[in-house]
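Raw entry-v1.txt, compact mmCIF, C-alpha atoms:
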# COMPACT_ATOMS: atom_id res chain seq x y z
CA MET A 252 -26.57 2.73 15.43
CA LYS A 253 -22.92 3.81 15.66
CA TRP A 254 -20.54 2.82 18.45
CA LYS A 255 -20.04 5.57 21.04
CA ASN A 256 -16.76 4.36 22.56
CA SER A 257 -13.44 6.19 22.23
CA LEU A 258 -11.79 3.72 19.85
CA ALA A 259 -14.67 4.08 17.39
CA SER A 260 -13.97 7.79 17.09
CA ALA A 261 -10.16 7.69 17.20
CA GLU A 262 -8.20 8.18 14.00
CA SER A 263 -6.02 5.15 13.31
CA TRP A 264 -2.86 7.14 12.72
CA ALA A 265 -0.21 7.88 15.30
CA GLY A 266 2.80 10.13 15.17
CA GLU A 267 3.82 13.28 13.38
CA ILE A 268 3.07 13.65 9.66
CA SER A 269 5.88 15.30 7.72
CA ASN A 270 5.18 17.91 5.02
CA LEU A 271 1.67 18.26 6.42
CA GLU A 272 0.69 21.41 4.49
CA GLU A 273 1.79 19.99 1.14
CA LYS A 274 0.19 16.62 1.82
CA ASN A 275 -3.09 18.29 2.73
CA LYS A 276 -3.04 20.08 -0.65
CA LEU A 277 -2.58 16.75 -2.38
CA ALA A 278 -5.35 15.22 -0.27
CA LYS A 279 -7.72 17.99 -1.34
CA LYS A 280 -6.78 17.37 -4.98
CA ILE A 281 -7.63 13.67 -4.64
CA SER A 282 -10.93 14.43 -2.92
CA GLY A 283 -11.89 16.58 -5.90
CA LYS A 284 -11.82 13.50 -8.15
CA ILE A 285 -14.65 11.76 -6.31
CA LYS A 286 -17.95 11.38 -8.17
CA ASP A 287 -21.31 10.31 -6.80
CA GLY A 288 -21.83 6.55 -6.98
CA GLU A 289 -18.16 5.61 -7.27
CA VAL A 290 -16.26 2.76 -5.63
CA ILE A 291 -12.69 3.67 -4.67
CA GLY A 292 -9.73 1.64 -3.47
CA VAL A 293 -8.27 3.08 -0.26
CA GLY A 294 -4.59 2.65 0.51
CA SER A 295 -2.52 3.17 3.63
CA GLY A 296 0.12 5.59 4.89
CA SER A 297 0.07 9.17 6.12
CA THR A 298 -0.73 10.84 2.78
CA ALA A 299 -3.41 8.28 1.98
CA PHE A 300 -4.90 8.87 5.44
CA LEU A 301 -5.10 12.62 4.83
CA ALA A 302 -6.68 11.96 1.42
CA LEU A 303 -9.26 9.68 3.03
CA ARG A 304 -10.10 12.36 5.57
CA ALA A 305 -10.57 14.96 2.80
CA ILE A 306 -12.75 12.56 0.81
CA ALA A 307 -14.92 11.82 3.85
CA LYS A 308 -15.41 15.55 4.44
CA ARG A 309 -16.58 16.11 0.87
CA VAL A 310 -18.84 13.05 0.94
CA LYS A 311 -20.52 14.34 4.09
CA GLN A 312 -20.86 17.94 2.91
CA GLU A 313 -22.28 17.05 -0.51
CA GLY A 314 -24.25 13.95 0.46
CA LEU A 315 -22.40 11.75 -2.01
CA GLU A 316 -22.87 7.99 -2.21
CA VAL A 317 -19.35 6.53 -2.23
CA LEU A 318 -18.10 3.07 -1.32
CA ALA A 319 -14.53 2.41 -0.19
CA VAL A 320 -12.52 -0.79 -0.58
CA PRO A 321 -9.91 -0.65 2.22
CA THR A 322 -6.55 -2.40 1.74
CA SER A 323 -5.77 -2.81 5.45
CA GLN A 324 -7.26 -2.84 8.93
CA GLU A 325 -5.84 0.66 9.35
CA ALA A 326 -7.79 1.91 6.33
CA LEU A 327 -10.91 0.01 7.41
CA LEU A 328 -10.85 1.54 10.89
CA ASN A 329 -10.36 5.03 9.46
CA CYS A 330 -13.23 4.57 7.00
CA SER A 331 -15.44 3.55 9.91
CA MET A 332 -14.34 6.46 12.08
CA LEU A 333 -14.84 8.95 9.23
CA GLY A 334 -18.28 7.59 8.33
CA LEU A 335 -17.37 6.18 4.90
CA LYS A 336 -19.26 3.09 3.79
CA THR A 337 -17.06 0.15 2.84
CA THR A 338 -17.34 -2.83 0.57
CA THR A 339 -15.12 -5.65 -0.66
CA LEU A 340 -13.65 -6.80 -3.97
CA SER A 341 -16.09 -9.70 -3.83
CA ALA A 342 -19.00 -7.26 -4.02
CA ALA A 343 -17.70 -4.38 -6.15
CA LYS A 344 -14.99 -3.36 -8.62
CA PRO A 345 -13.17 -0.09 -7.86
CA ASP A 346 -13.58 2.78 -10.33
CA TRP A 347 -10.15 3.98 -9.20
CA GLY A 348 -7.94 3.96 -6.15
CA PHE A 349 -5.25 5.83 -4.29
CA ASP A 350 -2.28 4.67 -2.24
CA GLY A 351 1.24 5.55 -1.21
CA ALA A 352 4.57 3.93 -2.08
CA ASP A 353 7.94 3.31 -0.46
CA GLU A 354 9.92 3.87 -3.68
CA VAL A 355 9.14 5.12 -7.19
CA ASP A 356 11.60 5.00 -10.10
CA SER A 357 11.62 6.89 -13.40
CA ASN A 358 9.50 4.18 -15.07
CA ASN A 359 6.78 4.37 -12.39
CA ARG A 360 7.85 1.03 -10.97
CA LEU A 361 7.07 0.81 -7.26
CA ILE A 362 8.13 -0.88 -4.07
CA LYS A 363 5.29 -1.10 -1.55
CA GLY A 364 4.61 -3.09 1.59
CA ARG A 365 6.52 -1.39 4.39
CA GLY A 366 3.18 -1.34 6.23
CA GLY A 367 2.68 -5.07 5.65
CA ALA A 368 -0.48 -4.78 3.51
CA LEU A 369 1.09 -5.57 0.12
CA PHE A 370 -1.20 -8.50 -0.74
CA ALA A 371 -4.45 -6.55 -0.36
CA GLU A 372 -2.89 -3.44 -1.91
CA LYS A 373 -1.95 -5.36 -5.04
CA LEU A 374 -5.37 -7.02 -5.30
CA VAL A 375 -7.09 -3.64 -5.20
CA MET A 376 -4.59 -1.98 -7.56
CA ALA A 377 -4.92 -4.80 -10.09
CA SER A 378 -8.72 -4.52 -9.92
CA ALA A 379 -8.85 -0.75 -10.53
CA PRO A 380 -8.47 0.89 -13.96
CA LYS A 381 -6.18 3.51 -12.39
CA THR A 382 -4.47 4.11 -9.05
CA TYR A 383 -3.15 7.48 -7.94
CA ILE A 384 0.14 7.10 -6.05
CA LEU A 385 0.64 9.85 -3.48
CA VAL A 386 4.30 10.48 -2.62
CA ASP A 387 6.76 13.15 -1.61
CA GLU A 388 10.22 13.77 -3.09
CA SER A 389 11.90 11.37 -0.68
CA LYS A 390 10.22 8.39 -2.38
CA PHE A 391 11.81 8.94 -5.81
CA VAL A 392 14.91 6.84 -6.56
CA ASP A 393 17.32 6.39 -9.45
CA ARG A 394 17.45 2.65 -8.87
CA LEU A 395 14.54 0.58 -7.52
CA GLY A 396 15.63 -0.97 -4.24
CA GLU A 397 18.02 1.88 -3.54
CA LYS A 398 16.53 2.76 -0.13
CA PHE A 399 14.18 -0.07 0.82
CA PRO A 400 14.20 -3.85 0.53
CA VAL A 401 11.50 -5.68 -1.41
CA PRO A 402 8.94 -7.30 0.93
CA LEU A 403 7.81 -10.84 0.17
CA GLU A 404 4.69 -12.14 1.91
CA VAL A 405 5.34 -15.82 2.54
CA ASP A 406 3.33 -18.74 3.89
CA PRO A 407 4.98 -19.68 7.23
CA ARG A 408 5.38 -23.30 6.08
CA ALA A 409 7.50 -22.16 3.12
CA ILE A 410 9.87 -19.76 4.85
CA HIS A 411 12.98 -21.95 4.44
CA LEU A 412 12.05 -23.09 0.94
CA VAL A 413 11.62 -19.48 -0.20
CA GLU A 414 14.93 -18.37 1.29
CA THR A 415 16.67 -21.27 -0.43
CA ARG A 416 15.10 -20.45 -3.81
CA LEU A 417 16.06 -16.79 -3.44
CA ALA A 418 19.69 -17.84 -3.79
CA GLN A 419 18.98 -18.09 -7.55
CA PHE A 420 18.45 -14.32 -7.67
CA PRO A 421 20.97 -11.47 -7.37
CA ILE A 422 20.31 -10.93 -3.65
CA GLN A 423 22.38 -9.00 -1.15
CA GLU A 424 20.45 -9.78 2.03
CA VAL A 425 17.33 -11.58 3.27
CA GLU A 426 15.76 -10.78 6.63
CA LEU A 427 12.65 -12.02 8.41
CA ARG A 428 10.71 -8.91 9.43
CA MET A 429 10.39 -8.79 13.21
CA ALA A 430 7.59 -7.10 15.12
CA LYS A 431 8.14 -4.06 17.36
CA SER A 432 5.09 -4.32 19.62
CA LYS A 433 5.00 -8.11 20.00
CA ASP A 434 7.48 -10.91 20.39
CA GLY A 435 8.52 -12.69 17.22
CA PRO A 436 7.98 -11.90 13.54
CA VAL A 437 5.44 -9.63 11.91
CA ILE A 438 2.30 -11.59 11.01
CA THR A 439 0.26 -10.13 8.15
CA GLU A 440 -3.51 -9.78 8.15
CA SER A 441 -3.63 -12.97 6.08
CA GLY A 442 -1.57 -14.87 8.66
CA ASN A 443 1.67 -14.89 6.70
CA LEU A 444 5.26 -13.79 7.35
CA ILE A 445 7.30 -11.13 5.56
CA LEU A 446 10.82 -11.49 4.20
CA ASP A 447 12.59 -8.23 3.37
CA VAL A 448 14.98 -8.84 0.48
CA ARG A 449 17.66 -6.54 -0.90
CA PHE A 450 18.54 -7.18 -4.54
CA GLU A 451 21.59 -6.07 -6.48
CA LYS A 452 19.27 -5.17 -9.37
CA ILE A 453 15.56 -5.46 -10.14
CA SER A 454 14.42 -6.42 -13.62
CA ASN A 455 10.96 -5.97 -15.11
CA GLU A 456 10.48 -9.75 -14.96
CA MET A 457 11.41 -10.14 -11.31
CA GLU A 458 7.91 -9.58 -9.92
CA LYS A 459 6.61 -12.57 -11.89
CA GLU A 460 9.72 -14.67 -11.27
CA LEU A 461 9.47 -14.23 -7.50
CA SER A 462 5.76 -15.08 -7.59
CA PHE A 463 6.63 -18.45 -9.16
CA ILE A 464 8.43 -19.56 -5.97
CA PRO A 465 6.11 -21.94 -4.08
CA GLY A 466 5.00 -20.28 -0.85
CA VAL A 467 5.38 -16.68 -2.02
CA ILE A 468 1.92 -15.20 -1.58
CA GLU A 469 2.81 -11.77 -2.98
CA THR A 470 5.73 -9.45 -3.63
CA GLY A 471 6.18 -5.77 -2.88
CA LEU A 472 7.19 -5.09 -6.47
CA PHE A 473 4.51 -3.23 -8.43
CA ILE A 474 5.62 -3.18 -12.07
CA SER A 475 3.56 -2.22 -15.15
CA TYR A 476 0.40 -1.25 -13.26
CA SER A 477 -1.88 1.57 -14.37
CA VAL A 478 -0.70 4.26 -11.98
CA GLU A 479 -0.46 8.03 -12.02
CA ILE A 480 2.14 9.53 -9.70
CA LEU A 481 1.02 12.59 -7.76
CA LYS A 482 3.78 14.18 -5.72
CA VAL A 483 3.68 16.61 -2.84

Kindly return the structure encoded in the file as structure tokens.
Amino acid sequence: MKWKNSLASAESWAGEISNLEEKNKLAKKISGKIKDGEVIGVGSGSTAFLALRAIAKRVKQEGLEVLAVPTSQEALLNCSMLGLKTTTLSAAKPDWGFDGADEVDSNNRLIKGRGGALFAEKLVMASAPKTYILVDESKFVDRLGEKFPVPLEVDPRAIHLVETRLAQFPIQEVELRMAKSKDGPVITESGNLILDVRFEKISNEMEKELSFIPGVIETGLFISYSVEILKV
């Protein structure tokens, strides 16, 4: 039996979506890749939300059996509202996935995590043979870190240790991400904090080097993953 209350039928996306017509075309393209019996990783963001909605429509119309692995509470709520069955990485391996990005450079290196779900997003991306990254022109940069800082998800007990160790890197600025709808810092779905770090330059080794710092749970650098960039 499904819940009948208003929250159970409300799309978990607020605000205006830019480039709506173009993003809907891209969403339809992604929905065309679905095959019966597949498990797909589901990312977050406006374009990923539109893609999820298009996938749910096709699943319903054609009676497909598809399982989704959501990377955030936002994606989980939308899967539930749209009638898509969900599973976890503990129970199933994704055949492929889709997600957005904050920045993409010419080598398909990514910065992700502005929505705070970088840990789960990386787990799902690393588990899938391929992930389609859905972006518009504004996300392409000549230099990674040009527009957005790199998020680091950090155990609260290690916040000072991590900031101290970051001094060994070519950093410009480190900020604790503060919440907008609650007092205090942003707390991730895993109970951690987020440091937003601006670097002077980002090397291919930096993702691993940052992960070696005790207390860093995950970084928002996505380097050398099997991704295909699909732009609006």

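Among the candidates A:Leu327, A:Leu333, A:Met457, A:Asp356, the one nearest to A:Lys398 when counting only C-alpha atoms is A:Asp356.
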
Around stretch 375-384 of chain A, fit a box with edges along x, y and z, padding it by 3 Å on each side, then list its centre and edge lengths in Å to one decimal as AutoDock Vina command-line options.
--center_x -4.4 --center_y 1.3 --center_z -9.6 --size_x 15.0 --size_y 18.3 --size_z 14.8

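With distances restricted to all atoms listed in the file, A:Val483 is the closest residue to A:Lys276 from A:Lys311, A:Asn358, A:Val483, A:Ile422.
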
Work out how far apart atom CA of A:Ala418 and atom CA of A:Ala377 are and give it in Å to one decimal.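 Between atom CA of A:Ala418 and atom CA of A:Ala377 the gap is 28.6 Å.
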
Write out as a list of chain:residue names which residues come within 8 Å of A:Gly351 when counting only C-alpha atoms, dropping same-chain ones fewer than 4 positions away.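 Listing them by chain and then by number gives A:Gly294, A:Ser295, A:Gly296, A:Thr298, A:Ala299, A:Lys363, A:Ile384, A:Leu385, A:Val386.
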
Could you check which of A:Thr322, A:Gly466, A:Pro380, A:Pro436 is closest to A:Thr415, using only C-alpha atoms? A:Gly466

Non-local contacts of A:Val310 (12 Å; all atoms listed in the file; under 2 positions in same chain excluded) as a PDB file with C-alpha atoms, in the coordinates of the input:
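Result file around_21.pdb:
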ATOM      1  CA  SER A 282     -10.930  14.430  -2.920  1.00  0.00           C
ATOM      2  CA  GLY A 283     -11.890  16.580  -5.900  1.00  0.00           C
ATOM      3  CA  LYS A 284     -11.820  13.500  -8.150  1.00  0.00           C
ATOM      4  CA  ILE A 285     -14.650  11.760  -6.310  1.00  0.00           C
ATOM      5  CA  LYS A 286     -17.950  11.380  -8.170  1.00  0.00           C
ATOM      6  CA  ASP A 287     -21.310  10.310  -6.800  1.00  0.00           C
ATOM      7  CA  GLY A 288     -21.830   6.550  -6.980  1.00  0.00           C
ATOM      8  CA  GLU A 289     -18.160   5.610  -7.270  1.00  0.00           C
ATOM      9  CA  LEU A 303      -9.260   9.680   3.030  1.00  0.00           C
ATOM     10  CA  ARG A 304     -10.100  12.360   5.570  1.00  0.00           C
ATOM     11  CA  ALA A 305     -10.570  14.960   2.800  1.00  0.00           C
ATOM     12  CA  ILE A 306     -12.750  12.560   0.810  1.00  0.00           C
ATOM     13  CA  ALA A 307     -14.920  11.820   3.850  1.00  0.00           C
ATOM     14  CA  LYS A 308     -15.410  15.550   4.440  1.00  0.00           C
ATOM     15  CA  GLN A 312     -20.860  17.940   2.910  1.00  0.00           C
ATOM     16  CA  GLU A 313     -22.280  17.050  -0.510  1.00  0.00           C
ATOM     17  CA  GLY A 314     -24.250  13.950   0.460  1.00  0.00           C
ATOM     18  CA  LEU A 315     -22.400  11.750  -2.010  1.00  0.00           C
ATOM     19  CA  GLU A 316     -22.870   7.990  -2.210  1.00  0.00           C
ATOM     20  CA  VAL A 317     -19.350   6.530  -2.230  1.00  0.00           C
ATOM     21  CA  LEU A 318     -18.100   3.070  -1.320  1.00  0.00           C
ATOM     22  CA  ALA A 319     -14.530   2.410  -0.190  1.00  0.00           C
ATOM     23  CA  CYS A 330     -13.230   4.570   7.000  1.00  0.00           C
ATOM     24  CA  LEU A 333     -14.840   8.950   9.230  1.00  0.00           C
ATOM     25  CA  GLY A 334     -18.280   7.590   8.330  1.00  0.00           C
ATOM     26  CA  LEU A 335     -17.370   6.180   4.900  1.00  0.00           C
ATOM     27  CA  LYS A 336     -19.260   3.090   3.790  1.00  0.00           C
TER      28      LYS A 336
END

From A:Trp254, A:Tyr476, A:Phe450, A:Phe300, residue lying nearest A:Leu395 [only C-alpha atoms]: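 Smallest distance to A:Leu395 is found for A:Phe450.
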
Interatomic distance between atom CA of A:Lys280 and atom CA of A:Thr382? 14.1 Å

Using atom CA of A:Lys433 and atom CA of A:Ser389 as the two end points, give the distance in Å to one decimal.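 Rounded to one decimal, the two atoms are 29.2 Å apart.
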
Nearest to A:Pro402 by atom-to-atom distance, counting all atoms listed in the file, from A:Ser257, A:Ser462, A:Gln419, A:Thr470: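 Looking only at the distances to A:Pro402, the closest residue turns out to be A:Thr470.
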
Shortest interatomic distance to A:Leu472 - which of A:Gly442, A:Gly364, A:Gly348, A:Pro321, counting only C-alpha atoms: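 Closest residue, counting only C-alpha atoms: A:Gly364.
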
For a quick check of your reading of the model, name the residues lying within 12 Å of the coordinate (13.2, 12.2, -4.7), counting all atoms listed in the file, and write them as a VMD selection string. chain A and resid 353 to 357 386 to 394 397 to 398 482 to 483

Take the residues from that selection and put them in a file with C-alpha atoms, as a compact mmCIF listing (two decimals), keeping the file's coordinate frame.
# COMPACT_ATOMS: atom_id res chain seq x y z
CA ASP A 353 7.94 3.31 -0.46
CA GLU A 354 9.92 3.87 -3.68
CA VAL A 355 9.14 5.12 -7.19
CA ASP A 356 11.60 5.00 -10.10
CA SER A 357 11.62 6.89 -13.40
CA VAL A 386 4.30 10.48 -2.62
CA ASP A 387 6.76 13.15 -1.61
CA GLU A 388 10.22 13.77 -3.09
CA SER A 389 11.90 11.37 -0.68
CA LYS A 390 10.22 8.39 -2.38
CA PHE A 391 11.81 8.94 -5.81
CA VAL A 392 14.91 6.84 -6.56
CA ASP A 393 17.32 6.39 -9.45
CA ARG A 394 17.45 2.65 -8.87
CA GLU A 397 18.02 1.88 -3.54
CA LYS A 398 16.53 2.76 -0.13
CA LYS A 482 3.78 14.18 -5.72
CA VAL A 483 3.68 16.61 -2.84

Can you list, as a PyMOL selection string, every protein, DNA or RNA residue that comes within 9 Å of A:Thr439 when you count all atoms listed in the file, leaving out same-chain residues fewer than 3 positions away? chain A and resi 367-368+404+442-445

Pull C-alpha atoms from the residues just selected and write them as an mmCIF file, in the frame of the given file.
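Writing done, so here's part-v2.cif:
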data_model
loop_
_atom_site.group_PDB
_atom_site.id
_atom_site.type_symbol
_atom_site.label_atom_id
_atom_site.label_comp_id
_atom_site.auth_asym_id
_atom_site.auth_seq_id
_atom_site.Cartn_x
_atom_site.Cartn_y
_atom_site.Cartn_z
ATOM 1 C CA GLY A 367 2.680 -5.070 5.650
ATOM 2 C CA ALA A 368 -0.480 -4.780 3.510
ATOM 3 C CA GLU A 404 4.690 -12.140 1.910
ATOM 4 C CA GLY A 442 -1.570 -14.870 8.660
ATOM 5 C CA ASN A 443 1.670 -14.890 6.700
ATOM 6 C CA LEU A 444 5.260 -13.790 7.350
ATOM 7 C CA ILE A 445 7.300 -11.130 5.560
#
